[in-house]
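Reviewing the structure listed below.
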6 protein chains.
Amino acid sequence: MGIVVQNISRARAAVIDGLAAAGVATVHEAQGRRGCLASIMRPIWSGASIAGSAVTISAPPGDNWMLHVAIEQVQAGDILVLAPTSPCDNGYFGDLLATSAMARGCRGLVIDAGVRDIATLKEMGFPVWSKAISAQGTVKETLGSVNVPIVCAGQAIEAGDVIVADDDGVVVVKRGEAETVLAAAEKRLANEEAKRLRLKAGELGLDLYGMREALAAKGLKYV
Amino acid sequence: MGIVVQNISRARAAVIDGLAAAGVATVHEAQGRRGCLASIMRPIWSGASIAGSAVTISAPPGDNWMLHVAIEQVQAGDILVLAPTSPCDNGYFGDLLATSAMARGCRGLVIDAGVRDIATLKEMGFPVWSKAISAQGTVKETLGSVNVPIVCAGQAIEAGDVIVADDDGVVVVKRGEAETVLAAAEKRLANEEAKRLRLKAGELGLDLYGMREALAAKGLKYV
Amino acid sequence: MGIVVQNISRARAAVIDGLAAAGVATVHEAQGRRGCLASIMRPIWSGASIAGSAVTISAPPGDNWMLHVAIEQVQAGDILVLAPTSPCDNGYFGDLLATSAMARGCRGLVIDAGVRDIATLKEMGFPVWSKAISAQGTVKETLGSVNVPIVCAGQAIEAGDVIVADDDGVVVVKRGEAETVLAAAEKRLANEEAKRLRLKAGELGLDLYGMREALAAKGLKYV
Amino acid sequence: MGIVVQNISRARAAVIDGLAAAGVATVHEAQGRRGCLASIMRPIWSGASIAGSAVTISAPPGDNWMLHVAIEQVQAGDILVLAPTSPCDNGYFGDLLATSAMARGCRGLVIDAGVRDIATLKEMGFPVWSKAISAQGTVKETLGSVNVPIVCAGQAIEAGDVIVADDDGVVVVKRGEAETVLAAAEKRLANEEAKRLRLKAGELGLDLYGMREALAAKGLKYV
Amino acid sequence: MGIVVQNISRARAAVIDGLAAAGVATVHEAQGRRGCLASIMRPIWSGASIAGSAVTISAPPGDNWMLHVAIEQVQAGDILVLAPTSPCDNGYFGDLLATSAMARGCRGLVIDAGVRDIATLKEMGFPVWSKAISAQGTVKETLGSVNVPIVCAGQAIEAGDVIVADDDGVVVVKRGEAETVLAAAEKRLANEEAKRLRLKAGELGLDLYGMREALAAKGLKYV
Amino acid sequence: MGIVVQNISRARAAVIDGLAAAGVATVHEAQGRRGCLASIMRPIWSGASIAGSAVTISAPPGDNWMLHVAIEQVQAGDILVLAPTSPCDNGYFGDLLATSAMARGCRGLVIDAGVRDIATLKEMGFPVWSKAISAQGTVKETLGSVNVPIVCAGQAIEAGDVIVADDDGVVVVKRGEAETVLAAAEKRLANEEAKRLRLKAGELGLDLYGMREALAAKGLKYV
């Protein structure tokens with residue numbers, strides 16, 4: 001505790017943007033069904049779809065001091081990712097912090113805790129994924145750390161990992177795997193369109209994916 | 001496990017549509033305050049109001065194979081109803097399955113688990129009531145069953161039962177009781193309008209429903 | 001149980017309206033980070049922002065009889081606040097009760113239980129903060145009390161206390177402290193605007209709030 | 001609601017006792033991994049291991065009147081199974097009801113709600129599986145039903161079904177399947193002993209169950 | 001925040017001990033089914049049965065400083081009652097604090113948060129009712145208050161109120177009502193013994209309590 | 001997925017045993033209040049107090065195949081640590097697996113899911129910390145991985161990290177920090193005994209720890 005790591009590596013901007021375009025569900029599948037944060041993490045307003053490099057924050061319960069420290073470390077295109085050191089639903093973040101973060105080019109916040117001023121955050125277009133919405137405030141008394149490895153909503157995240165977030169939730173891609181995952185995601189998307197058209201035309205998944213034989217082999221019985 | 005029942009009975013289309021028009025709260029009251037699924041079951045987008053015949057699915061945790069099997073059993077006007085065999089919040093269903101289901105006339109999905117691609121599902125106008133939104137994908141390895149009796153979010157549901165769902169949640173009506181329940185619901189609705197006007201004019205429920213005497217008899221004291 | 005207190009004191013209307021304008025997060029901070037109801041209490045539709053005097057209701061689980069009793073006690077500008085005597089997510093309140101409450105000038109409902117007919121309530125513009133949305137109905141068999149002290153979603157509330165509610169949740173202000181809290185809230189708001197402009201211009205919170213020295217004193221290390 | 005079914009069929013006593021001896025986990029596997037009640041259902045004291053015929057109770061939240069009605073329907077060897085019509089953790093049952101139930105030969109209680117007087121129940125040797133322990137009392141105002149089909153902790157249960165309960169939780173066996181399930185359970189138990197000895201001697205499950213080939217075929221890689 | 005009230009009134013020792021002897025369930029009923037803390041509050045070891053005067057603590061999440069302050073205020077026969085200002089499951093209290101509390105005659109701890117060193121606490125015979133067991137430690141940075149009104153696990157508690165706790169949970173009795181409640185509890189206990197004997201002899205509650213007529217009047221049907 | 005890492009490094013046996021002796025709460029404090037698994041992780045029987053090297057398992061929901069694979073990797077003194085890839089409360093582990101694990105010298109299981117046969121596990125003296133007890137069985141259809149980094153109950157764990165578990169829960173110590181943490185823990189324990197004696201003699205923590213000045217400086221007021 002009490003550490004701020006100042007120099008972190010980030011994935012290439014084009015890769016990050018490509019992952020944003022692919023979206024959470026596709027990216028998650030493309031990396032082998034890994035990396036989804038717990039489903040309690042919901043957007044405070046719908047329609048945002050972003051990706052960025054994680055600036056990680058480990059903060060004590062009920063203490064948002066490290067958010068101020070972290071914002072200094074934000075570069076344009078980053079996403080703040082906060083995990084409390086024990087479960088907490090306090091509103092760590094509101095419109096003033098969002099104003100400051102946006103001024104530095106921050107694309108959003110992922111927080112395994114609470115957030116407030118959500119009407120204003122929506123007006124500002126600042127997206128947040130959180131486990132709670134709460135006006136309950138916090139203090140500034142105890143140190144945490146910035147850009148150290150954290151566990152946020154069930155996923156291990158390191159500074160510089162790529163965070164992808166949309167209405168389906170949040171997924172993390174290891175920085176070193178971002179290019180490979182993007183390639184897999186784009187391949188997956190290319191395949192999906194053809195499948196969508198065939199399904200729309202009434203073809204069954206059972207036939208499109210050739211499942212009937214495997215189902216019969218497992219013993220499926222039609223009665 | 002491993003059974004697909006192919007021929008199921010359904011209620012009459014006019015009855016089903018009547019129940020949709022009555023809505024969940026009224027239908028629930030009309031059948032004696034029974035049949036509501038647990039309140040964790042929420043629509044992924046608001047404003048949908050549907051009814052249809054249940055095509056039931058019992059599926060293992062983290063395995064959506066049976067959804068593909070079930071879609072073949074769907075007739076126009078049906079609603080897919082999935083219960084995992086143990087608690088699971090994975091995203092069993094997304095836009096490709098929705099495309100396929102809509103191509104068969106499916107009116108929606110009720111799932112005691114998770115769903116994904118919700119931005120696309122909303123665009124498509126495909127309604128889902130679920131306990132979670134999650135991008136976490138599933139496998140296709142283990143059989144479940146289709147059109148067998150299930151328990152979904154606390155209610156026993158059989159294939160062909162009528163499912164009614166709107167912003168208030170989901171209620172199930174036993175197929176054999178659908179006509180009687182509709183009649184009771186319509187009677188209830190007819191009464192409500194008159195009450196609404198009197199309440200709007202300032203009359204108190206205490207007087208409208210004649211509650212004062214019963215309250216006094218129970219011992220209510222005004223101080 | 002079984003008591004209805006008829007004469008309650010209320011804060012001045014101008015004070016109540018001032019608290020509504022300040023909003024939940026600011027009011028909560030202004031009174032020393034106290035008074036927030038649990039974060040499970042969410043609005044059934046977003047955008048409402050109200051304040052009013054609490055008409056409190058203690059009701060048995062699954063029994064909404066006391067809501068009818070309470071509405072008679074409502075004056076224009078009041079907010080109904082219901083706490084069940086044990087945890088319950090039933091839909092105690094729907095469009096007919098809302099019609100009646102609105103006819104008496106009621107500004108909204110705060111309920112540590114469920115509510116239904118939410119599509120209609122939204123159309124009517126009647127705001128509700130609840131822990132659940134549920135069509136499950138209730139009976140009218142057992143007495144509760146009106147305008148007695150209750151605990152609602154973790155906060156002790158007395159009749160006549162000021163309730164402030166918006167998209168961030170709900171906060172209670174003791175009636176006797178309402179003027180003092182409003183003054184503190186307005187002072188806080190006045191300060192915030194200047195801070196917002198400086199943060200928007202890129203100044204860091206670390207500098208604006210002069211935090212660097214205190215952080216260093218606690219031992220924060222930049223690496 | 002408001003129905004008491006007086007004549008119910010039960011499985012043979014020897015079959016029921018055989019299922020008790022097999023235990024919950026084995027019975028659950030023997031019937032194809034079906035029938036387990038949700039894992040929130042825990043014994044109030046450990047070491048009890050019972051089976052019996054279900055006398056089912058559907059009761060309103062916070063109202064235990066039907067327990068008194070149900071006890072009259074109990075025969076020696078029965079188990080009371082109560083499901084509230086909406087979620088409730090009240091203490092529906094305590095030592096007086098247990099005294100009455102034991103006087104009729106009741107073997108235990110399974111309740112998707114709360115129970116109290118647990119120190120006394122333990123002294124009396126009356127076993128209960130519940131989702132909560134709570135001193136919160138209930139009223140006797142509203143009817144429920146006895147020996148109708150219910151859903152308890154996620155499982156559909158009919159009067160006369162066999163309930164098996166031990167430290168692992170609770171499983172229900174359909175009355176008509178009890179003999180078949182017992183046969184399968186006993187076969188399973190017979191096989192287990194030999195396996196246990198081989199595993200104890202250090203043989204690996206990988207070899208005992210011949211899993212290596214299937215794992216390799218799925219692509220498992222040792223590195 | 002930041003207040004320590006030093007002089008509090010307590011109920012008479014004999015009354016407190018009488019309430020302990022009556023037990024939680026009986027006391028709760030005797031005061032009109034009020035005062036039970038939420039059922040999440042469980043003893044860390046079973047068999048303790050105590051009553052005492054509440055020394056209340058309002059503490060920030062993750063900060064146990066005020067426990068040290070509170071122990072100075074403890075008199076022999078008191079019970080510490082801690083409510084965090086927002087939900088927290090940290091282990092605020094362990095064997096050293098228990099040693100100190102016992103040295104002052106403290107009878108136990110009720111805490112809507114976590115506790116640790118539970119094996120040692122059991123050895124020491126120091127009883128705790130908590131919502132969690134957690135080794136997660138706390139800091140000493142932020143003030144709270146001692147002997148101010150709090151809400152703990154859903155109940156409003158003032159310093160000097162009587163806390164009764166046993167295996168069924170925790171109930172609070174208002175200091176000013178303690179004598180009346182004890183009288184009602186003792187009357188209730190006296191009645192129970194006779195009922196227990198009759199029920200044990202096989203008499204039904206339906207007859208003992210004369211319920212048959214009321215059930216029939218409500219419409220109960222035997223089929 | 002589908003990877004088994006065969007060679008892992010472990011901390012020295014004496015260090016591991018030293019950490020077991022120190023216990024979870026002390027180890028957690030000694031490493032700077034880090035490493036506690038979530039408080040939902042509870043022992044299935046009380047009194048066990050162990051430490052060992054983690055053999056990690058990432059397993060699909062409802063599929064325990066990898067447990068068989070992992071047991072082959074166990075050396076005497078290891079602890080199995082399983083995290084499902086999405087939330088699951090199934091009973092992945094029972095007495096046969098425990099028999100096999102014990103035969104290899106396994107000291108216990110930490111599982112962010114369910115376990116069964118708990119009466120037998122207790123008889124065998126095999127300790128388990130889990131989030132659930134459930135008889136619900138699992139399949140053997142889908143690969144996971146062994147000895148890869150996992151997140152279990154909120155903590156990142158690598159194969160070979162030291163797991164310490166007792167009645168207070170579970171803490172993980174990074175393998176490379178084990179010696180340092182042990183030294184800090186032992187120092188802490190040495191200090192505790194002296195404090196305990198002084199507290200037992202009636203000295204207040206306020207004086208023993210010299211807190212009065214700091215409290216006054218923060219503004220604590222005695223009234």
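Here, A, B, ... name the chains of the structure tokens in the order displayed, residue numbers run from 1 inside each chain, and ligands are numbered from 1 in the same displayed order.
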
Please, which residues in chain B fall within 12 Å of chain D when counting only C-alpha atoms, and what is the closest atom pair and distance in Å to one decimal for each, ordered by chain then residue number, as a tab-separated table?
```
residue	atom	partner	partner_atom	distance
B:Met1	CA	D:Gly32	CA	7.6
B:Gly2	CA	D:Gly32	CA	10.7
B:Gln31	CA	D:Met1	CA	10.3
B:Gly32	CA	D:Met1	CA	7.6
B:Arg33	CA	D:Thr85	CA	8.9
B:Arg34	CA	D:Thr85	CA	7.9
B:Gly35	CA	D:Thr85	CA	9.3
B:Cys36	CA	D:Ser86	CA	9.0
B:Leu37	CA	D:Ser86	CA	9.6
B:Ala38	CA	D:Ser86	CA	8.1
B:Ser39	CA	D:Ser86	CA	9.6
B:Ile40	CA	D:Pro87	CA	11.5
B:Ser58	CA	D:Arg34	CA	11.0
B:Ala59	CA	D:Arg34	CA	11.9
B:Pro60	CA	D:Arg33	CA	10.5
B:Ala83	CA	D:Gly154	CA	10.2
B:Pro84	CA	D:Gly154	CA	10.7
B:Thr85	CA	D:Arg34	CA	7.9
B:Ser86	CA	D:Ala38	CA	8.1
B:Pro87	CA	D:Ala38	CA	8.5
B:Asp112	CA	D:Gly154	CA	11.2
B:Glu141	CA	D:Lys218	CA	11.3
B:Leu143	CA	D:Gly32	CA	11.9
B:Gly144	CA	D:Gly32	CA	11.3
B:Pro149	CA	D:Ala156	CA	9.2
B:Ile150	CA	D:Ala156	CA	8.2
B:Val151	CA	D:Gly154	CA	6.4
B:Cys152	CA	D:Gly154	CA	7.8
B:Ala153	CA	D:Gly154	CA	7.5
B:Gly154	CA	D:Gly154	CA	5.6
B:Gln155	CA	D:Val151	CA	6.5
B:Ala156	CA	D:Ala156	CA	6.3
B:Ile157	CA	D:Ala156	CA	9.6
B:Glu158	CA	D:Ala156	CA	11.4
B:Lys218	CA	D:Glu141	CA	11.3
```

List every residue of range 73-210 of chain E that DSSP, applied to the backbone, labels as strand (DSSP E), and write the result as a PyMOL selection string.
chain E and resi 78-84+108-115+128-133+145-146+150-152+155-157+162-166+169-173

Same residues, N, CA, C and O atoms, saved as a short mmCIF file (atom, residue, chain, number, x, y, z; two decimals), in the first residue's frame:
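Output below, filename part-v2.cif:
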```cif
data_model
loop_
_atom_site.label_atom_id
_atom_site.label_comp_id
_atom_site.auth_asym_id
_atom_site.auth_seq_id
_atom_site.Cartn_x
_atom_site.Cartn_y
_atom_site.Cartn_z
N ASP E 78 -22.61 -4.50 30.57
CA ASP E 78 -22.93 -3.86 29.29
C ASP E 78 -22.63 -4.78 28.11
O ASP E 78 -21.84 -5.73 28.21
N ILE E 79 -23.23 -4.44 26.98
CA ILE E 79 -22.97 -5.11 25.71
C ILE E 79 -22.58 -4.04 24.69
O ILE E 79 -23.28 -3.03 24.56
N LEU E 80 -21.49 -4.26 23.99
CA LEU E 80 -21.09 -3.34 22.91
C LEU E 80 -21.95 -3.61 21.68
O LEU E 80 -22.15 -4.78 21.30
N VAL E 81 -22.43 -2.54 21.05
CA VAL E 81 -23.27 -2.67 19.86
C VAL E 81 -22.72 -1.74 18.80
O VAL E 81 -22.79 -0.51 18.95
N LEU E 82 -22.17 -2.31 17.74
CA LEU E 82 -21.52 -1.49 16.71
C LEU E 82 -22.25 -1.55 15.37
O LEU E 82 -22.56 -2.64 14.87
N ALA E 83 -22.51 -0.37 14.80
CA ALA E 83 -23.07 -0.29 13.45
C ALA E 83 -22.12 0.54 12.59
O ALA E 83 -21.80 1.67 12.94
N PRO E 84 -21.64 -0.02 11.48
CA PRO E 84 -20.81 0.79 10.58
C PRO E 84 -21.69 1.81 9.85
O PRO E 84 -22.89 1.57 9.67
N GLY E 108 -20.67 -9.03 26.02
CA GLY E 108 -20.67 -9.52 24.64
C GLY E 108 -20.66 -8.37 23.66
O GLY E 108 -20.64 -7.19 24.05
N LEU E 109 -20.67 -8.73 22.38
CA LEU E 109 -20.63 -7.76 21.29
C LEU E 109 -21.70 -8.12 20.27
O LEU E 109 -21.85 -9.28 19.90
N VAL E 110 -22.40 -7.09 19.80
CA VAL E 110 -23.33 -7.22 18.68
C VAL E 110 -22.82 -6.27 17.61
O VAL E 110 -22.70 -5.07 17.85
N ILE E 111 -22.49 -6.80 16.43
CA ILE E 111 -21.82 -5.98 15.43
C ILE E 111 -22.34 -6.29 14.03
O ILE E 111 -22.29 -7.43 13.58
N ASP E 112 -22.83 -5.27 13.36
CA ASP E 112 -23.36 -5.43 11.99
C ASP E 112 -22.19 -5.33 11.01
O ASP E 112 -22.19 -4.52 10.09
N ALA E 113 -21.20 -6.16 11.25
CA ALA E 113 -19.98 -6.20 10.44
C ALA E 113 -19.29 -7.52 10.79
O ALA E 113 -19.98 -8.48 11.15
N GLY E 114 -17.96 -7.58 10.70
CA GLY E 114 -17.25 -8.84 10.93
C GLY E 114 -16.47 -8.87 12.23
O GLY E 114 -16.28 -7.85 12.90
N VAL E 115 -16.04 -10.06 12.57
CA VAL E 115 -15.26 -10.31 13.79
C VAL E 115 -14.23 -11.40 13.46
O VAL E 115 -14.41 -12.15 12.50
N VAL E 128 -20.26 -13.23 20.63
CA VAL E 128 -20.43 -12.19 19.60
C VAL E 128 -21.53 -12.62 18.65
O VAL E 128 -21.59 -13.78 18.25
N TRP E 129 -22.38 -11.66 18.30
CA TRP E 129 -23.33 -11.84 17.21
C TRP E 129 -22.91 -10.88 16.11
O TRP E 129 -22.77 -9.67 16.35
N SER E 130 -22.70 -11.43 14.90
CA SER E 130 -22.17 -10.60 13.82
C SER E 130 -22.81 -11.02 12.50
O SER E 130 -23.46 -12.06 12.42
N LYS E 131 -22.61 -10.20 11.47
CA LYS E 131 -23.10 -10.62 10.16
C LYS E 131 -22.03 -11.33 9.36
O LYS E 131 -22.32 -11.88 8.30
N ALA E 132 -20.79 -11.32 9.87
CA ALA E 132 -19.71 -11.97 9.12
C ALA E 132 -18.60 -12.37 10.07
O ALA E 132 -18.46 -11.81 11.16
N ILE E 133 -17.82 -13.35 9.63
CA ILE E 133 -16.55 -13.69 10.27
C ILE E 133 -15.49 -13.38 9.24
O ILE E 133 -15.57 -13.85 8.11
N SER E 145 -18.70 7.79 16.68
CA SER E 145 -19.27 8.27 17.94
C SER E 145 -19.62 7.11 18.84
O SER E 145 -19.79 5.97 18.38
N VAL E 146 -19.73 7.39 20.12
CA VAL E 146 -20.07 6.38 21.12
C VAL E 146 -21.29 6.85 21.92
O VAL E 146 -21.36 8.03 22.31
N ILE E 150 -28.09 4.70 17.10
CA ILE E 150 -27.63 4.06 15.86
C ILE E 150 -28.75 3.19 15.30
O ILE E 150 -29.75 2.92 15.97
N VAL E 151 -28.56 2.76 14.05
CA VAL E 151 -29.38 1.70 13.48
C VAL E 151 -28.45 0.51 13.25
O VAL E 151 -27.48 0.62 12.50
N CYS E 152 -28.74 -0.59 13.93
CA CYS E 152 -27.90 -1.79 13.81
C CYS E 152 -28.74 -2.94 13.28
O CYS E 152 -29.72 -3.33 13.92
N GLN E 155 -32.53 -2.23 13.29
CA GLN E 155 -33.23 -1.73 14.47
C GLN E 155 -32.56 -0.47 15.00
O GLN E 155 -31.33 -0.41 15.11
N ALA E 156 -33.38 0.50 15.36
CA ALA E 156 -32.87 1.71 16.02
C ALA E 156 -32.53 1.37 17.46
O ALA E 156 -33.36 0.80 18.18
N ILE E 157 -31.33 1.69 17.88
CA ILE E 157 -30.87 1.37 19.24
C ILE E 157 -30.25 2.61 19.87
O ILE E 157 -29.45 3.31 19.25
N VAL E 162 -31.89 -2.25 26.33
CA VAL E 162 -31.49 -3.60 26.71
C VAL E 162 -31.38 -4.47 25.46
O VAL E 162 -32.30 -4.54 24.65
N ILE E 163 -30.23 -5.13 25.35
CA ILE E 163 -29.99 -6.07 24.25
C ILE E 163 -30.12 -7.48 24.82
O ILE E 163 -29.52 -7.79 25.86
N VAL E 164 -30.90 -8.31 24.17
CA VAL E 164 -31.02 -9.72 24.56
C VAL E 164 -30.56 -10.54 23.36
O VAL E 164 -30.96 -10.27 22.22
N ALA E 165 -29.70 -11.52 23.59
CA ALA E 165 -29.14 -12.29 22.47
C ALA E 165 -28.95 -13.73 22.87
O ALA E 165 -28.47 -14.04 23.97
N ASP E 166 -29.35 -14.62 21.97
CA ASP E 166 -29.11 -16.05 22.18
C ASP E 166 -29.02 -16.72 20.81
O ASP E 166 -28.78 -16.03 19.80
N GLY E 169 -30.84 -15.22 17.81
CA GLY E 169 -30.47 -13.92 17.28
C GLY E 169 -30.45 -12.85 18.35
O GLY E 169 -30.08 -13.12 19.51
N VAL E 170 -30.85 -11.65 17.98
CA VAL E 170 -30.73 -10.49 18.87
C VAL E 170 -32.01 -9.68 18.84
O VAL E 170 -32.59 -9.46 17.77
N VAL E 171 -32.46 -9.21 20.01
CA VAL E 171 -33.60 -8.31 20.08
C VAL E 171 -33.24 -7.13 20.99
O VAL E 171 -32.48 -7.29 21.93
N VAL E 172 -33.77 -5.96 20.65
CA VAL E 172 -33.55 -4.79 21.50
C VAL E 172 -34.85 -4.41 22.19
O VAL E 172 -35.93 -4.44 21.58
N VAL E 173 -34.75 -4.08 23.47
CA VAL E 173 -35.88 -3.59 24.25
C VAL E 173 -35.57 -2.16 24.68
O VAL E 173 -34.51 -1.90 25.25
#
```

Once DSSP has gone over the backbone, tell me which residues of range 48-222 of chain C are in alpha helix (DSSP H), as a VMD selection string.
chain C and resid 65 to 71 95 to 103 118 to 124 178 to 200 205 to 208 212 to 218

d(CA of Tyr209 in chain A, CA of Met66 in chain B) in Å
13.2 Å
